[in-house]
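Here the structure comes first, spelled out in structure tokens, and everything after it is commentary.
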Amino acid sequence: MTTEATLPSTSASPTARQVWTRARGVVLALVLLLVAAVAIAAIRSTERHGSLDPRSADPFGSRAVAELLAERGVDTRVVTTLDEARAAAGPDTTLLVAVPDLLTHRQQSALRSATADSDGRTLLVAPGSWSVERLAPGVVADPATSLDSTLSPDCGLPAARRAGKADTGGIRYTVTHPGNDECYRSERLPTLVRVPAASGDGDTVVLGAPDILYNDSLDEQGNASLALQLLGSRPHLVWYLPSLSDASATDPAEQKDFLDLLPSGWLWGTLQLFFAAALAALWRARRLGPLVPEKLPVAIRASETVEGRARLYRKANARDRAATALRSTTRTRLAPLVGVPVSQADAPETLLPALSAHLRTDGDGQSLHSLLFGPPPGDDAALISLADQLDALEREVRRP
């Protein structure tokens with residue numbers, strides 16, 4: 001019983017060094033990308049991460065004013081949903097809306113209906129034309145903002161008169177209803193407006209800029225005094241930070257799919273383009289007609305093809321494939337010479353006996369089997385030797 005030797009790995013299989021050589025550029029790029037991401041995250045972690053957030057100690061956070069209010073007995077609670085903000089409205093509560101323009105029109109109307117008769121205070125921080133007319137009826141945002149950041153009170157509101165100059169310059173407002181407090185004017189238009197409720201003790205304060213609430217500007221001008229008076233008039237402060245992830249921002253009845261969002265003109269235009277493309281394809285297909293065979297414009301010599309394939313094999317170190325091609329071609333040429341059908345050229349039990357009988361010298365069956373059906377060569381020298389032996393064998397068979 002003969003045992004078959006385990007064949008070595010083919011030469012076409014890449015080595016570990018070749019894999020590393022090919023992949024090191026990608027690995028290096030990934031490492032650089034990871035290092036850059038970590039560096040950016042580390043740098044940005046020291047910057048603002050909670051603008052107008054009373055829990056944030058960043059320059060644009062509002063933790064300082066929350067701490068000062070706590071020393072005066074005013075507790076601050078942060079909410080992020082409309083339902084929480086509406087539930088918190090009450091006579092002993094100041095509701096601060098940090099970014100009113102993030103609210104949808106539906107949310108603005110719901111918030112206004114909850115705070116209008118609550119007898120509490122609602123403070124809107126820098127509301128624009130998108131939100132101010134719904135949250136504070138009778139107040140309209142002017143398209144031109146204030147050129148000055150520090151302004152004088154110039155009004156009779158006690159909180160503003162006690163605070164004096166403050167950094168309220170920002171959005172300017174036009175007040176269409178009488179009886180409101182208009183303070184910190186910039187070219188005759190106020191940047192702070194207090195709108196008393198139609199009944200009760202509630203009111204709505206519209207603040208044109210958030211600067212008096214920032215940590216880095218709270219100790220400038222009369223910012224701290226104005227902020228504490230506006231936010232500390234009630235024992236409870238609810239700080240509403242609107243979120244785009246709030247479920248109330250979307251109405252389930254109004255949800256639309258992608259096709260509903262496309263204008264009807266785009267749908268009709270796409271359909272017309274489809275029919276035009278189909279007609280053009282049909283027109284071009286009719287012009288092509290039946291296939292016509294043509295001769296190659298340039299004749300390529302067989303030796304050039306063989307040389308090109310050999311170079312490809314050498315570049316890929318594919319000695320196994322080259323040896324297989326040489327042996328297969330040799331067997332195909334030898335089979336008819338020794339009386340074996342070409343279809344049986346790859347069957348050693350048919351080809352080898354006929355080949356041994358045809359050779360003039362006593363051929364070793366084992367050596368012929370190794371030559372025509374053996375394992376792939378281990379190096380280039382062995383491949384060249386194999387090619388020489390196959391040529392010698394073919395010459396021997398063809399010798400008359």
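Chain labels A, B, ... are given in the sequence in which chains occur in the structure tokens; within each chain residues are numbered consecutively from 1, and ligands are likewise numbered from 1 in the order shown.
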* helix (DSSP H, G or I) call set, DSSP backbone run, range 152-325 of chain A, as a count of residues only -> 77
* Give me every strand (DSSP E or B) residue in range 136-189 of chain A, going by DSSP on the backbone, as a list in words. => Val139, Val140, Ala141, Leu151, Ala166, Tyr173, Thr174, Val175, Asp181, Glu182, Cys183, Tyr184, Arg185, Ser186 and Leu189 of chain A
* Pick from A:Val27, A:Leu218, A:Ala126, A:Ala116 nearest to Pro196 in chain A, counting only C-alpha atoms ->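 Smallest separation from Pro196 in chain A among the options: A:Ala116.
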* **Atomic separation - CA of Leu231 in chain A relative to CA of Thr115 in chain A, Å** =>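 Those two atoms sit 15.8 Å apart.
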Please report as CSV every residue of range 34-77 of chain A lying within 10 Å of range 91-105 of chain A, along with the nearest atom pair and their distance in Å (one decimal), using only C-alpha atoms.
residue,atom,partner,partner_atom,distance
A:Ser51,CA,A:Ala98,CA,9.2
A:Leu52,CA,A:Ala98,CA,6.6
A:Asp53,CA,A:Ala98,CA,8.4
A:Val74,CA,A:Thr93,CA,9.7
A:Asp75,CA,A:Thr93,CA,9.9
A:Thr76,CA,A:Thr94,CA,9.5
A:Arg77,CA,A:Leu95,CA,9.8
* To do: Might you pull out every residue within 12 Å of Glu133 in chain A, with only C-alpha atoms counted and same-chain residues fewer than 2 positions away left off, and present them as a list of chain:residue names?
  =>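 The contact residues come out as A:Pro100, A:Asp101, A:His105, A:Gln108, A:Ser109, A:Arg112, A:Leu124, A:Pro127, A:Gly128, A:Ser129, A:Trp130, A:Ser131, A:Leu135, A:Ala136, A:Pro137, A:Gly138, A:Val139, A:Val140, A:Ala141, A:Asp142, A:Tyr173, A:Thr174, A:Val175, A:Thr176, A:Val206.
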File dump, residues just selected, C-alpha atoms, as an mmCIF file, in the first residue's frame:
data_model
loop_
_atom_site.group_PDB
_atom_site.id
_atom_site.type_symbol
_atom_site.label_atom_id
_atom_site.label_comp_id
_atom_site.auth_asym_id
_atom_site.auth_seq_id
_atom_site.Cartn_x
_atom_site.Cartn_y
_atom_site.Cartn_z
ATOM 1 C CA PRO A 100 -38.186 78.298 21.025
ATOM 2 C CA ASP A 101 -37.476 78.106 17.305
ATOM 3 C CA HIS A 105 -46.022 75.229 15.143
ATOM 4 C CA GLN A 108 -45.885 76.184 20.047
ATOM 5 C CA SER A 109 -49.682 76.321 20.052
ATOM 6 C CA ARG A 112 -49.087 78.637 24.591
ATOM 7 C CA LEU A 124 -38.536 82.890 25.824
ATOM 8 C CA PRO A 127 -37.331 83.588 19.782
ATOM 9 C CA GLY A 128 -37.324 84.431 16.084
ATOM 10 C CA SER A 129 -40.145 85.067 13.661
ATOM 11 C CA TRP A 130 -40.831 81.307 13.546
ATOM 12 C CA SER A 131 -42.032 81.137 17.150
ATOM 13 C CA LEU A 135 -45.785 82.079 21.976
ATOM 14 C CA ALA A 136 -46.136 85.819 22.632
ATOM 15 C CA PRO A 137 -49.074 87.235 20.628
ATOM 16 C CA GLY A 138 -48.634 90.898 19.785
ATOM 17 C CA VAL A 139 -44.835 90.667 19.498
ATOM 18 C CA VAL A 140 -43.166 90.492 16.075
ATOM 19 C CA ALA A 141 -39.458 89.791 15.447
ATOM 20 C CA ASP A 142 -37.663 92.422 13.395
ATOM 21 C CA TYR A 173 -39.031 93.178 18.417
ATOM 22 C CA THR A 174 -41.999 95.247 17.362
ATOM 23 C CA VAL A 175 -44.872 95.359 19.859
ATOM 24 C CA THR A 176 -48.309 95.713 18.299
ATOM 25 C CA VAL A 206 -39.259 87.798 25.477
#
